[in-house]
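A.B. asks: Just so it is clear, I am handing over input-v6.cif, which has mmCIF, C-alpha atoms.
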```cif
data_upload
#
loop_
_atom_site.label_atom_id
_atom_site.label_comp_id
_atom_site.auth_asym_id
_atom_site.auth_seq_id
_atom_site.Cartn_x
_atom_site.Cartn_y
_atom_site.Cartn_z
CA MET A 1 0.00 0.00 0.00
CA ASN A 2 2.83 2.39 0.96
CA SER A 3 4.44 1.92 -2.47
CA ILE A 4 1.28 3.45 -4.00
CA VAL A 5 0.73 6.18 -1.40
CA THR A 6 4.28 7.61 -1.54
CA PRO A 7 4.19 8.54 -5.27
CA LEU A 8 0.71 10.07 -4.80
CA LEU A 9 2.03 12.20 -1.94
CA GLY A 10 4.87 13.27 -4.22
CA LEU A 11 2.39 14.32 -6.91
CA GLN A 12 0.49 16.28 -4.26
CA MET A 13 3.68 18.13 -3.25
CA LEU A 14 4.30 19.07 -6.89
CA PHE A 15 0.72 20.37 -7.11
CA VAL A 16 1.36 22.59 -4.07
CA ALA A 17 4.53 24.02 -5.66
CA PHE A 18 3.24 24.21 -9.23
CA GLY A 19 1.70 27.71 -9.27
CA ALA A 20 4.81 29.45 -7.92
CA LEU A 21 7.17 27.17 -9.85
CA VAL A 22 5.84 28.08 -13.30
CA LEU A 23 5.06 31.72 -12.48
CA VAL A 24 8.76 32.67 -12.32
CA PRO A 25 9.64 31.55 -15.88
CA ILE A 26 6.40 33.03 -17.24
CA LEU A 27 7.29 36.42 -15.73
CA THR A 28 10.95 36.39 -16.74
CA GLY A 29 10.79 35.07 -20.31
CA LEU A 30 12.18 31.61 -19.55
CA ASP A 31 10.62 28.29 -20.60
CA PRO A 32 8.17 26.84 -18.00
CA ASN A 33 9.01 23.30 -19.16
CA VAL A 34 12.69 23.94 -18.50
CA ALA A 35 11.77 25.28 -15.03
CA LEU A 36 9.86 22.06 -14.31
CA PHE A 37 12.83 20.01 -15.46
CA THR A 38 15.40 21.97 -13.43
CA ALA A 39 13.17 21.93 -10.33
CA GLY A 40 13.14 18.14 -10.54
CA ILE A 41 16.87 17.83 -11.28
CA GLY A 42 17.70 20.43 -8.62
CA THR A 43 15.72 18.56 -5.97
CA LEU A 44 17.50 15.30 -6.85
CA VAL A 45 20.91 17.03 -6.70
CA PHE A 46 20.03 18.49 -3.28
CA GLN A 47 18.98 15.05 -2.08
CA LEU A 48 22.24 13.54 -3.32
CA VAL A 49 24.36 16.15 -1.49
CA THR A 50 22.34 15.94 1.75
CA LYS A 51 22.12 12.12 1.55
CA ARG A 52 18.32 12.37 1.18
CA GLN A 53 17.74 13.40 4.79
CA VAL A 54 15.74 16.65 4.39
CA PRO A 55 12.09 16.58 3.17
CA VAL A 56 12.21 19.71 0.99
CA PHE A 57 11.40 20.47 -2.66
CA LEU A 58 13.49 22.95 -4.64
CA ALA A 59 12.04 25.11 -7.42
CA SER A 60 12.07 28.58 -9.04
CA SER A 61 13.31 31.37 -6.75
CA PHE A 62 11.25 34.59 -6.62
CA ALA A 63 14.25 36.61 -5.42
CA PHE A 64 15.78 36.46 -8.90
CA ILE A 65 12.72 37.60 -10.90
CA ALA A 66 13.93 41.20 -11.34
CA PRO A 67 17.53 40.41 -12.33
CA ILE A 68 16.50 37.58 -14.67
CA SER A 69 13.93 39.82 -16.40
CA TYR A 70 16.51 42.57 -16.82
CA GLY A 71 19.21 40.12 -17.86
CA VAL A 72 17.08 38.37 -20.48
CA ALA A 73 16.00 41.70 -21.97
CA THR A 74 19.54 43.16 -21.92
CA TRP A 75 21.94 40.29 -22.61
CA GLY A 76 19.74 37.34 -23.56
CA ILE A 77 19.01 34.05 -21.80
CA ALA A 78 22.43 32.42 -22.36
CA SER A 79 24.39 35.33 -20.83
CA THR A 80 21.95 35.66 -17.95
CA MET A 81 22.48 31.99 -17.16
CA SER A 82 26.21 32.64 -16.58
CA GLY A 83 25.21 35.07 -13.82
CA LEU A 84 22.88 32.51 -12.28
CA ALA A 85 25.61 29.85 -12.42
CA ALA A 86 27.85 32.26 -10.48
CA ALA A 87 25.07 32.79 -7.93
CA GLY A 88 25.07 29.02 -7.32
CA LEU A 89 28.85 29.15 -6.79
CA PHE A 90 28.28 31.88 -4.18
CA TYR A 91 26.29 29.34 -2.16
CA LEU A 92 29.24 26.95 -2.41
CA LEU A 93 31.53 29.67 -1.06
CA LEU A 94 29.18 30.18 1.89
CA SER A 95 29.12 26.42 2.40
CA ALA A 96 32.92 26.36 2.59
CA LEU A 97 32.87 29.26 5.08
CA VAL A 98 30.38 27.39 7.27
CA ALA A 99 32.54 24.24 7.11
CA TRP A 100 35.54 26.32 8.17
CA GLN A 101 34.06 28.73 10.75
CA GLY A 102 30.73 27.19 11.76
CA ASN A 103 27.13 28.28 11.21
CA GLN A 104 27.52 31.66 12.93
CA ILE A 105 29.81 33.05 10.22
CA ILE A 106 26.74 33.67 8.02
CA HIS A 107 25.14 35.86 10.68
CA ARG A 108 28.37 37.83 11.14
CA ILE A 109 28.83 38.57 7.44
CA LEU A 110 25.13 38.89 6.55
CA PRO A 111 23.23 40.13 9.63
CA PRO A 112 19.52 41.04 9.33
CA VAL A 113 20.31 44.76 8.98
CA VAL A 114 22.17 43.94 5.72
CA VAL A 115 19.80 41.32 4.32
CA ALA A 116 16.49 43.09 5.12
CA PRO A 117 16.89 46.19 2.92
CA VAL A 118 18.14 44.00 0.04
CA ILE A 119 14.99 41.86 0.25
CA MET A 120 12.85 45.01 0.37
CA VAL A 121 14.57 46.41 -2.73
CA ILE A 122 14.01 43.12 -4.59
CA GLY A 123 10.25 43.36 -3.98
CA LEU A 124 9.79 47.10 -4.49
CA ASN A 125 11.91 47.19 -7.66
CA LEU A 126 9.28 44.97 -9.24
CA ALA A 127 6.27 47.06 -8.18
CA PRO A 128 5.89 48.97 -11.49
CA VAL A 129 6.00 45.70 -13.45
CA GLY A 130 3.15 44.22 -11.39
CA VAL A 131 1.02 47.37 -11.70
CA ASN A 132 1.57 47.68 -15.47
CA MET A 133 0.57 44.06 -16.03
CA ALA A 134 -2.46 44.42 -13.75
CA LEU A 135 -3.54 47.30 -16.03
CA GLY A 136 -3.22 45.08 -19.09
CA LYS A 137 0.10 46.49 -20.30
CA THR A 138 3.47 44.92 -20.95
CA GLY A 139 5.79 44.85 -17.92
CA ASP A 140 7.55 48.03 -19.01
CA GLY A 141 4.22 49.78 -19.71
CA ALA A 142 5.13 50.41 -23.34
CA MET A 143 2.15 48.62 -24.90
CA GLN A 144 -1.52 48.06 -23.97
CA LEU A 145 -2.28 44.37 -24.50
CA VAL A 146 -5.75 44.16 -22.92
CA ASP A 147 -8.43 46.83 -22.46
CA ALA A 148 -7.67 48.62 -19.17
CA ASN A 149 -11.12 48.16 -17.61
CA THR A 150 -11.26 44.46 -18.52
CA ALA A 151 -7.71 44.02 -17.27
CA LEU A 152 -8.51 45.64 -13.93
CA LEU A 153 -11.53 43.40 -13.38
CA ILE A 154 -9.50 40.28 -14.10
CA SER A 155 -6.38 41.33 -12.17
CA LEU A 156 -8.28 42.47 -9.08
CA SER A 157 -10.32 39.24 -9.11
CA SER A 158 -7.11 37.19 -9.26
CA LEU A 159 -5.67 39.28 -6.44
CA ALA A 160 -8.82 38.96 -4.30
CA VAL A 161 -9.01 35.18 -4.69
CA THR A 162 -5.31 34.79 -3.86
CA VAL A 163 -5.76 36.85 -0.69
CA LEU A 164 -9.01 35.12 0.34
CA VAL A 165 -7.56 31.63 -0.11
CA SER A 166 -4.49 32.67 1.93
CA LEU A 167 -6.76 33.94 4.71
CA PHE A 168 -9.65 31.48 4.76
CA GLY A 169 -8.44 28.38 2.88
CA LYS A 170 -8.50 25.10 4.80
CA GLY A 171 -6.06 22.20 4.63
CA LEU A 172 -4.05 21.80 1.44
CA PHE A 173 -6.26 24.37 -0.31
CA LYS A 174 -4.70 27.06 1.92
CA LEU A 175 -1.26 26.17 0.52
CA VAL A 176 -2.13 26.93 -3.12
CA PRO A 177 -3.39 30.56 -3.12
CA ILE A 178 -1.35 31.45 -6.22
CA LEU A 179 -2.77 28.50 -8.13
CA ALA A 180 -6.31 29.44 -7.03
CA GLY A 181 -5.82 33.04 -8.18
CA LEU A 182 -4.43 31.87 -11.52
CA ILE A 183 -7.37 29.55 -12.14
CA VAL A 184 -10.05 32.15 -11.31
CA GLY A 185 -8.32 34.83 -13.38
CA TYR A 186 -7.93 32.39 -16.27
CA VAL A 187 -11.61 31.42 -16.21
CA LEU A 188 -12.59 35.12 -16.23
CA SER A 189 -10.22 35.70 -19.15
CA LEU A 190 -11.95 32.90 -21.04
CA THR A 191 -15.33 34.57 -20.54
CA PHE A 192 -13.91 37.84 -21.95
CA GLY A 193 -12.43 35.97 -24.92
CA ILE A 194 -8.83 37.15 -24.44
CA VAL A 195 -7.24 33.67 -24.32
CA ASN A 196 -5.67 32.35 -27.53
CA PHE A 197 -5.22 28.56 -27.81
CA ASP A 198 -3.42 28.51 -31.17
CA ALA A 199 -0.08 27.69 -29.52
CA VAL A 200 -1.64 24.77 -27.61
CA ALA A 201 -3.20 23.31 -30.75
CA SER A 202 0.08 23.44 -32.67
CA ALA A 203 2.24 22.08 -29.80
CA THR A 204 3.15 18.38 -29.76
CA TRP A 205 2.44 16.14 -26.79
CA PHE A 206 6.08 15.11 -26.44
CA ALA A 207 8.81 17.70 -26.87
CA LEU A 208 12.25 18.46 -25.46
CA PRO A 209 12.26 21.59 -23.28
CA ASN A 210 14.09 24.56 -24.82
CA PHE A 211 17.37 24.01 -22.99
CA THR A 212 19.87 26.90 -23.13
CA PHE A 213 23.55 26.56 -22.17
CA PRO A 214 25.18 29.51 -20.33
CA GLN A 215 27.36 31.95 -22.26
CA PHE A 216 30.06 33.64 -20.19
CA HIS A 217 29.28 37.34 -19.66
CA TRP A 218 31.13 39.40 -17.03
CA GLU A 219 28.54 42.16 -16.74
CA ALA A 220 25.69 39.69 -16.20
CA ILE A 221 27.72 37.82 -13.57
CA LEU A 222 28.62 40.95 -11.60
CA PHE A 223 25.02 42.21 -11.85
CA ILE A 224 23.36 39.02 -10.58
CA LEU A 225 25.94 37.70 -8.09
CA PRO A 226 25.13 40.05 -5.13
CA ILE A 227 21.45 39.12 -5.34
CA ALA A 228 22.31 35.62 -4.10
CA ILE A 229 22.79 37.14 -0.63
CA ALA A 230 19.04 37.35 0.09
CA PRO A 231 18.00 33.79 -0.92
CA ALA A 232 21.10 32.37 0.80
CA VAL A 233 19.93 33.81 4.11
CA GLU A 234 16.35 32.79 3.29
CA HIS A 235 17.68 29.24 2.85
CA ILE A 236 18.77 29.18 6.50
CA GLY A 237 15.27 30.22 7.56
CA ASP A 238 13.69 27.51 5.39
CA ILE A 239 15.96 24.79 6.78
CA THR A 240 15.20 26.00 10.30
CA ALA A 241 11.47 25.86 9.53
CA ILE A 242 11.54 22.30 8.16
CA SER A 243 13.65 21.28 11.17
CA GLN A 244 10.94 22.55 13.51
CA VAL A 245 8.23 20.84 11.46
CA ALA A 246 9.97 17.47 11.33
CA GLY A 247 11.37 17.59 14.86
CA LYS A 248 14.95 17.15 13.63
CA ASP A 249 17.85 19.61 13.55
CA TYR A 250 18.85 19.60 9.88
CA LEU A 251 21.24 22.51 10.54
CA GLU A 252 23.37 19.99 12.43
CA LYS A 253 22.67 16.83 10.41
CA PRO A 254 23.25 16.80 7.47
CA GLY A 255 24.41 20.33 8.45
CA LEU A 256 24.09 23.82 6.99
CA LYS A 257 27.27 23.33 4.97
CA ARG A 258 25.63 20.43 3.08
CA THR A 259 22.23 22.10 2.60
CA LEU A 260 23.89 25.28 1.27
CA MET A 261 26.07 23.17 -1.02
CA GLY A 262 23.01 21.26 -2.25
CA ASP A 263 21.06 24.46 -2.93
CA GLY A 264 24.05 26.04 -4.68
CA LEU A 265 24.71 23.03 -6.91
CA ALA A 266 20.98 22.81 -7.72
CA THR A 267 21.02 26.47 -8.82
CA SER A 268 24.17 26.10 -10.92
CA VAL A 269 22.89 22.89 -12.54
CA ALA A 270 19.58 24.63 -13.35
CA SER A 271 21.47 27.43 -15.10
CA PHE A 272 23.27 24.92 -17.33
CA PHE A 273 19.88 23.94 -18.76
CA GLY A 274 18.48 27.49 -18.98
CA GLY A 275 16.26 27.29 -15.89
CA PRO A 276 15.68 29.74 -13.01
CA PRO A 277 17.67 29.40 -9.76
CA ASN A 278 16.35 26.90 -7.25
CA THR A 279 15.33 27.52 -3.66
CA THR A 280 13.58 25.52 -0.96
CA TYR A 281 9.82 26.05 -1.14
CA SER A 282 8.02 27.15 2.03
CA GLU A 283 4.67 26.12 0.48
CA VAL A 284 5.89 22.53 0.38
CA THR A 285 7.21 22.81 3.93
CA GLY A 286 3.70 23.88 4.95
CA ALA A 287 2.26 20.85 3.16
CA VAL A 288 4.75 18.60 4.97
CA ALA A 289 3.61 20.07 8.31
CA LEU A 290 -0.05 19.62 7.40
CA THR A 291 0.18 16.04 6.12
CA LYS A 292 2.94 14.88 8.52
CA SER A 293 4.71 13.47 5.45
CA PHE A 294 8.33 13.61 6.61
CA ASN A 295 9.72 10.92 4.30
CA PRO A 296 12.24 12.55 1.86
CA VAL A 297 11.38 9.86 -0.71
CA ILE A 298 8.12 11.77 -1.27
CA MET A 299 10.20 14.68 -2.62
CA THR A 300 12.05 12.27 -4.88
CA TRP A 301 8.72 11.34 -6.45
CA ALA A 302 7.73 15.02 -6.74
CA ALA A 303 11.00 15.62 -8.61
CA ILE A 304 10.38 12.66 -10.94
CA PHE A 305 6.86 13.91 -11.76
CA ALA A 306 8.22 17.43 -12.45
CA ILE A 307 10.82 16.03 -14.88
CA ALA A 308 8.23 13.85 -16.62
CA LEU A 309 5.79 16.79 -16.99
CA SER A 310 8.57 18.95 -18.49
CA PHE A 311 8.61 16.74 -21.60
CA VAL A 312 4.91 17.33 -22.31
CA GLY A 313 5.00 19.96 -25.06
CA LYS A 314 1.48 21.18 -24.42
CA THR A 315 2.31 22.06 -20.79
CA GLY A 316 4.41 25.10 -21.69
CA ALA A 317 2.05 26.04 -24.54
CA LEU A 318 -0.95 26.05 -22.19
CA LEU A 319 0.91 28.11 -19.57
CA SER A 320 1.87 30.65 -22.23
CA THR A 321 -1.83 31.38 -22.82
CA ILE A 322 -2.25 32.92 -19.35
CA PRO A 323 -3.16 36.59 -20.02
CA VAL A 324 -1.09 39.45 -18.63
CA PRO A 325 -3.76 40.79 -16.18
CA VAL A 326 -4.02 37.41 -14.42
CA MET A 327 -0.32 37.43 -13.64
CA GLY A 328 -0.38 41.15 -12.82
CA GLY A 329 -3.02 40.73 -10.12
CA ILE A 330 -1.00 38.04 -8.37
CA MET A 331 2.26 39.95 -8.80
CA VAL A 332 0.87 42.99 -6.96
CA LEU A 333 0.54 40.83 -3.84
CA LEU A 334 3.63 38.74 -4.49
CA PHE A 335 6.11 41.58 -4.95
CA GLY A 336 4.65 43.49 -2.02
CA ALA A 337 4.98 40.34 0.09
CA ILE A 338 8.69 40.10 -0.77
CA ALA A 339 9.20 43.64 0.52
CA VAL A 340 7.24 42.77 3.68
CA VAL A 341 9.54 39.78 4.28
CA GLY A 342 12.42 42.26 4.41
CA LEU A 343 10.53 44.41 6.91
CA LYS A 344 9.68 41.33 8.96
CA THR A 345 13.38 40.37 8.99
CA LEU A 346 14.17 43.68 10.72
CA ILE A 347 11.33 43.25 13.22
CA ASN A 348 12.08 39.62 14.11
CA ALA A 349 15.76 40.42 14.66
CA GLN A 350 14.74 43.47 16.75
CA VAL A 351 17.12 45.70 14.80
CA ASP A 352 17.39 49.06 16.54
CA LEU A 353 16.97 51.65 13.77
CA GLY A 354 17.60 54.36 16.35
CA LYS A 355 21.28 53.46 16.12
CA THR A 356 23.01 55.60 13.51
CA LYS A 357 24.86 52.66 11.95
CA ASN A 358 21.72 50.58 11.40
CA MET A 359 19.71 53.53 10.15
CA THR A 360 22.47 54.47 7.70
CA ILE A 361 22.78 50.94 6.28
CA VAL A 362 19.04 50.57 5.66
CA ALA A 363 18.55 54.13 4.39
CA VAL A 364 21.44 54.12 1.92
CA ALA A 365 20.67 50.60 0.64
CA LEU A 366 17.01 51.48 0.02
CA VAL A 367 17.67 54.78 -1.75
CA PHE A 368 20.56 53.40 -3.82
CA GLY A 369 18.52 50.33 -4.77
CA LEU A 370 15.27 52.13 -5.60
CA GLY A 371 16.39 55.63 -6.59
CA GLY A 372 18.37 54.79 -9.70
CA MET A 373 21.86 55.37 -8.31
CA GLN A 374 24.56 53.70 -10.40
CA PHE A 375 28.36 53.44 -10.49
CA ASP A 376 30.10 52.87 -13.80
CA MET A 377 32.96 50.40 -13.27
CA GLY A 378 34.09 50.34 -16.87
CA ILE A 379 33.20 46.78 -17.85
CA PHE A 380 29.91 46.89 -15.96
CA GLN A 381 27.52 49.14 -14.05
CA LEU A 382 26.68 48.61 -10.40
CA LYS A 383 23.07 49.60 -9.74
CA GLY A 384 19.67 48.46 -8.43
CA ILE A 385 19.54 45.36 -6.25
CA ALA A 386 23.24 44.58 -6.69
CA LEU A 387 24.24 48.09 -5.57
CA ALA A 388 21.89 47.85 -2.56
CA ALA A 389 23.51 44.56 -1.52
CA VAL A 390 27.11 45.74 -1.97
CA SER A 391 26.51 49.07 -0.19
CA ALA A 392 24.78 47.37 2.78
CA ILE A 393 27.63 44.86 3.20
CA LEU A 394 30.36 47.50 2.96
CA LEU A 395 28.63 49.91 5.33
CA ASN A 396 28.12 47.14 7.87
CA LEU A 397 31.80 46.19 7.72
CA LEU A 398 33.19 49.74 7.68
CA LEU A 399 30.98 51.74 10.05
CA PRO A 400 31.79 51.48 13.76
CA SER A 401 29.13 49.89 15.97
CA LYS A 402 29.67 52.51 18.68
CA ARG A 403 30.46 56.20 18.65
#
```
Will you turn the file into structure tokens for me?

C.D. replies:
Amino acid sequence: MNSIVTPLLGLQMLFVAFGALVLVPILTGLDPNVALFTAGIGTLVFQLVTKRQVPVFLASSFAFIAPISYGVATWGIASTMSGLAAAGLFYLLLSALVAWQGNQIIHRILPPVVVAPVIMVIGLNLAPVGVNMALGKTGDGAMQLVDANTALLISLSSLAVTVLVSLFGKGLFKLVPILAGLIVGYVLSLTFGIVNFDAVASATWFALPNFTFPQFHWEAILFILPIAIAPAVEHIGDITAISQVAGKDYLEKPGLKRTLMGDGLATSVASFFGGPPNTTYSEVTGAVALTKSFNPVIMTWAAIFAIALSFVGKTGALLSTIPVPVMGGIMVLLFGAIAVVGLKTLINAQVDLGKTKNMTIVAVALVFGLGGMQFDMGIFQLKGIALAAVSAILLNLLLPSKR
């Protein structure tokens, strides 16, 4: 009986992750089928490194939406992937530091006062994109794709359903608010006749995902690399959460050095196929807590199902039919929520913003990251999220803690 139940539980975990998993490639111009494939491969790589001890599922990271979107539009997918590969190597560097100095080294180099404003900049940088799409425009606002009034009705309905399911959903239903919002928005779009199924009709049932190999690009690497700071710290929180849920200390066994290494390798491997960076999914952790399904083999099955689904050509074609306002409505909440996570990081750590050093770090990082400040380094420009991260780290290291 258990041999039948375990794969079904794995399929259920993939269902919980699916909405967020495919949303990242849809928003950034990557292939959803490739994202499914790299989520599966990434999870298996993580399990190999951690000796299949931690019941987590790895999939598309929201922290990289802004840099991937910019990178794809500026340098193309292949060059952007070189930056994402470097981000995975950053995790490996942190893993080596933890192996050398212990878990506390992360908190000394990247305290909450550094990480929080970077997370806030990641979310708020995306705000105009979400609003433009909610109004039926392209992400940059250059073109009106759907009538504004129709777009608002659809986007606000998607937003409302996502919020209501988050607040009032019961059981597993509570864990899939994004998927619920997508479905309701999609059904509304069908009634308004703004969904085009031509791509689905012409797509084959079996097709190789559009894999893209990285192409070395210094500017893309230096632009994306600092962004890995935020999800690396988020990783520690996710591993702590699953430890509390399962009643085991995964920070000690298999250890933070192994989980960071697994996450980093999963991200780098994903980039070699043209997929978004991987991160541990809190939605799946919530599902594990709800179902008491602590067996890591369940995640192995979720990974296998994700890989299998990635070879169904009509999967990506169907996802590409989702209209702009549907995604825009969900993005309004999603990007705001990322910024709130940064604010929550400050609150939970009880960072005293009355101290000049802390106030300076947060203030400068926010204004540099959101205000358009940039430094021309010759071969590349340092601006946006990357500049916020670098400035926060340097200020924390250079400013004295006391007068």

A.B. asks: Output the residue selection produced by the PyMOL selection byres ((chain A and resi 399) around 10) on the file above, formatted as a PyMOL selection string.

C.D. replies: chain A and resi 356-358+360-361+394-398+400-403

A.B. asks: Give me a file of those residues, with C-alpha atoms, as a short mmCIF file (atom, residue, chain, number, x, y, z; two decimals), keeping the file's coordinate frame.

C.D. replies:
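New file result24.cif:
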```
data_model
loop_
_atom_site.label_atom_id
_atom_site.label_comp_id
_atom_site.auth_asym_id
_atom_site.auth_seq_id
_atom_site.Cartn_x
_atom_site.Cartn_y
_atom_site.Cartn_z
CA THR A 356 23.01 55.60 13.51
CA LYS A 357 24.86 52.66 11.95
CA ASN A 358 21.72 50.58 11.40
CA THR A 360 22.47 54.47 7.70
CA ILE A 361 22.78 50.94 6.28
CA LEU A 394 30.36 47.50 2.96
CA LEU A 395 28.63 49.91 5.33
CA ASN A 396 28.12 47.14 7.87
CA LEU A 397 31.80 46.19 7.72
CA LEU A 398 33.19 49.74 7.68
CA PRO A 400 31.79 51.48 13.76
CA SER A 401 29.13 49.89 15.97
CA LYS A 402 29.67 52.51 18.68
CA ARG A 403 30.46 56.20 18.65
#
```

A.B. asks: Hey, which of A:Ala134, A:Leu9, A:Ile236, A:Val269 ends up closest to Ala35 in chain A? Count all atoms listed in the file.

C.D. replies: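 Among the listed residues, the smallest separation from Ala35 in chain A belongs to A:Val269.
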
A.B. asks: As an exercise, work out the distance from CA of Thr300 in chain A to CA of Pro7 in chain A in Å and give it to one decimal place.

C.D. replies: 8.7 Å

A.B. asks: Select, from A:Val121, A:Val390, A:Val324, A:Val72, the residue with the minimum atom-to-atom distance to Gly369 in chain A, counting only C-alpha atoms.

C.D. replies: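 Going through A:Val121, A:Val390, A:Val324, A:Val72 one by one, the smallest distance to Gly369 in chain A is for A:Val121.
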
A.B. asks: Run the PyMOL selection byres ((chain A and resi 214) around 6) against the file shown and list the residues it catches, as a PyMOL selection string.

C.D. replies: chain A and resi 78-79+81-82+213+215+272

A.B. asks: What's around range 39-52 of chain A at 6 Å? Count all atoms listed in the file, leave out sequence neighbours fewer than 4 positions away in its own chain, and write the answer as a ChimeraX atom specification.

C.D. replies: /A:35,57-59,254,258,262,266,303,306-307

A.B. asks: Kindly resolve the PyMOL selection byres ((chain A and resi 235) around 10) on the present coordinates and return the residues as a list in words.

C.D. replies: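 For this structure, the PyMOL selection byres ((chain A and resi 235) around 10) resolves to Tyr91, Ala230, Pro231, Ala232, Val233, Glu234, Ile236, Gly237, Asp238, Ile239, Thr240, Ala241, Leu256, Thr259, Leu260, Asp263, Thr279, Thr280, Tyr281 and Ser282 of chain A.
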
A.B. asks: Write out as number ranges by chain the residues lying within 8 Å of Leu343 in chain A, counting only C-alpha atoms and excluding same-chain residues fewer than 4 positions away.

C.D. replies: A: 116-117, 120, 339, 347

A.B. asks: Taking all atoms listed in the file into account, which of A:Pro296, A:Gly102, A:Pro112, A:Pro32 comes nearest Val362 in chain A?

C.D. replies: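 Closest to Val362 in chain A, using all atoms listed in the file: A:Pro112.
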
A.B. asks: Mind completing range 351-362 of chain A with N, CA and C atoms? Output as an mmCIF file, keeping the file's coordinate frame, please?

C.D. replies:
```cif
data_model
loop_
_atom_site.group_PDB
_atom_site.id
_atom_site.type_symbol
_atom_site.label_atom_id
_atom_site.label_comp_id
_atom_site.auth_asym_id
_atom_site.auth_seq_id
_atom_site.Cartn_x
_atom_site.Cartn_y
_atom_site.Cartn_z
ATOM 1 N N VAL A 351 16.070 44.749 15.200
ATOM 2 C CA VAL A 351 17.120 45.700 14.800
ATOM 3 C C VAL A 351 16.743 47.100 15.280
ATOM 4 N N ASP A 352 17.635 47.721 16.006
ATOM 5 C CA ASP A 352 17.390 49.060 16.540
ATOM 6 C C ASP A 352 17.748 50.108 15.482
ATOM 7 N N LEU A 353 16.728 50.646 14.813
ATOM 8 C CA LEU A 353 16.970 51.650 13.770
ATOM 9 C C LEU A 353 17.246 53.026 14.362
ATOM 10 N N GLY A 354 17.192 53.117 15.696
ATOM 11 C CA GLY A 354 17.600 54.360 16.350
ATOM 12 C C GLY A 354 19.109 54.513 16.372
ATOM 13 N N LYS A 355 19.824 53.408 16.185
ATOM 14 C CA LYS A 355 21.280 53.460 16.120
ATOM 15 C C LYS A 355 21.694 53.989 14.751
ATOM 16 N N THR A 356 22.602 54.937 14.758
ATOM 17 C CA THR A 356 23.010 55.600 13.510
ATOM 18 C C THR A 356 23.523 54.621 12.476
ATOM 19 N N LYS A 357 24.306 53.630 12.895
ATOM 20 C CA LYS A 357 24.860 52.660 11.950
ATOM 21 C C LYS A 357 23.759 51.898 11.237
ATOM 22 N N ASN A 358 22.817 51.354 11.996
ATOM 23 C CA ASN A 358 21.720 50.580 11.400
ATOM 24 C C ASN A 358 20.851 51.422 10.483
ATOM 25 N N MET A 359 20.529 52.629 10.957
ATOM 26 C CA MET A 359 19.710 53.530 10.150
ATOM 27 C C MET A 359 20.400 53.871 8.831
ATOM 28 N N THR A 360 21.697 54.108 8.902
ATOM 29 C CA THR A 360 22.470 54.470 7.700
ATOM 30 C C THR A 360 22.487 53.324 6.688
ATOM 31 N N ILE A 361 22.728 52.108 7.161
ATOM 32 C CA ILE A 361 22.780 50.940 6.280
ATOM 33 C C ILE A 361 21.468 50.769 5.531
ATOM 34 N N VAL A 362 20.356 50.784 6.268
ATOM 35 C CA VAL A 362 19.040 50.570 5.660
ATOM 36 C C VAL A 362 18.680 51.722 4.732
#
```
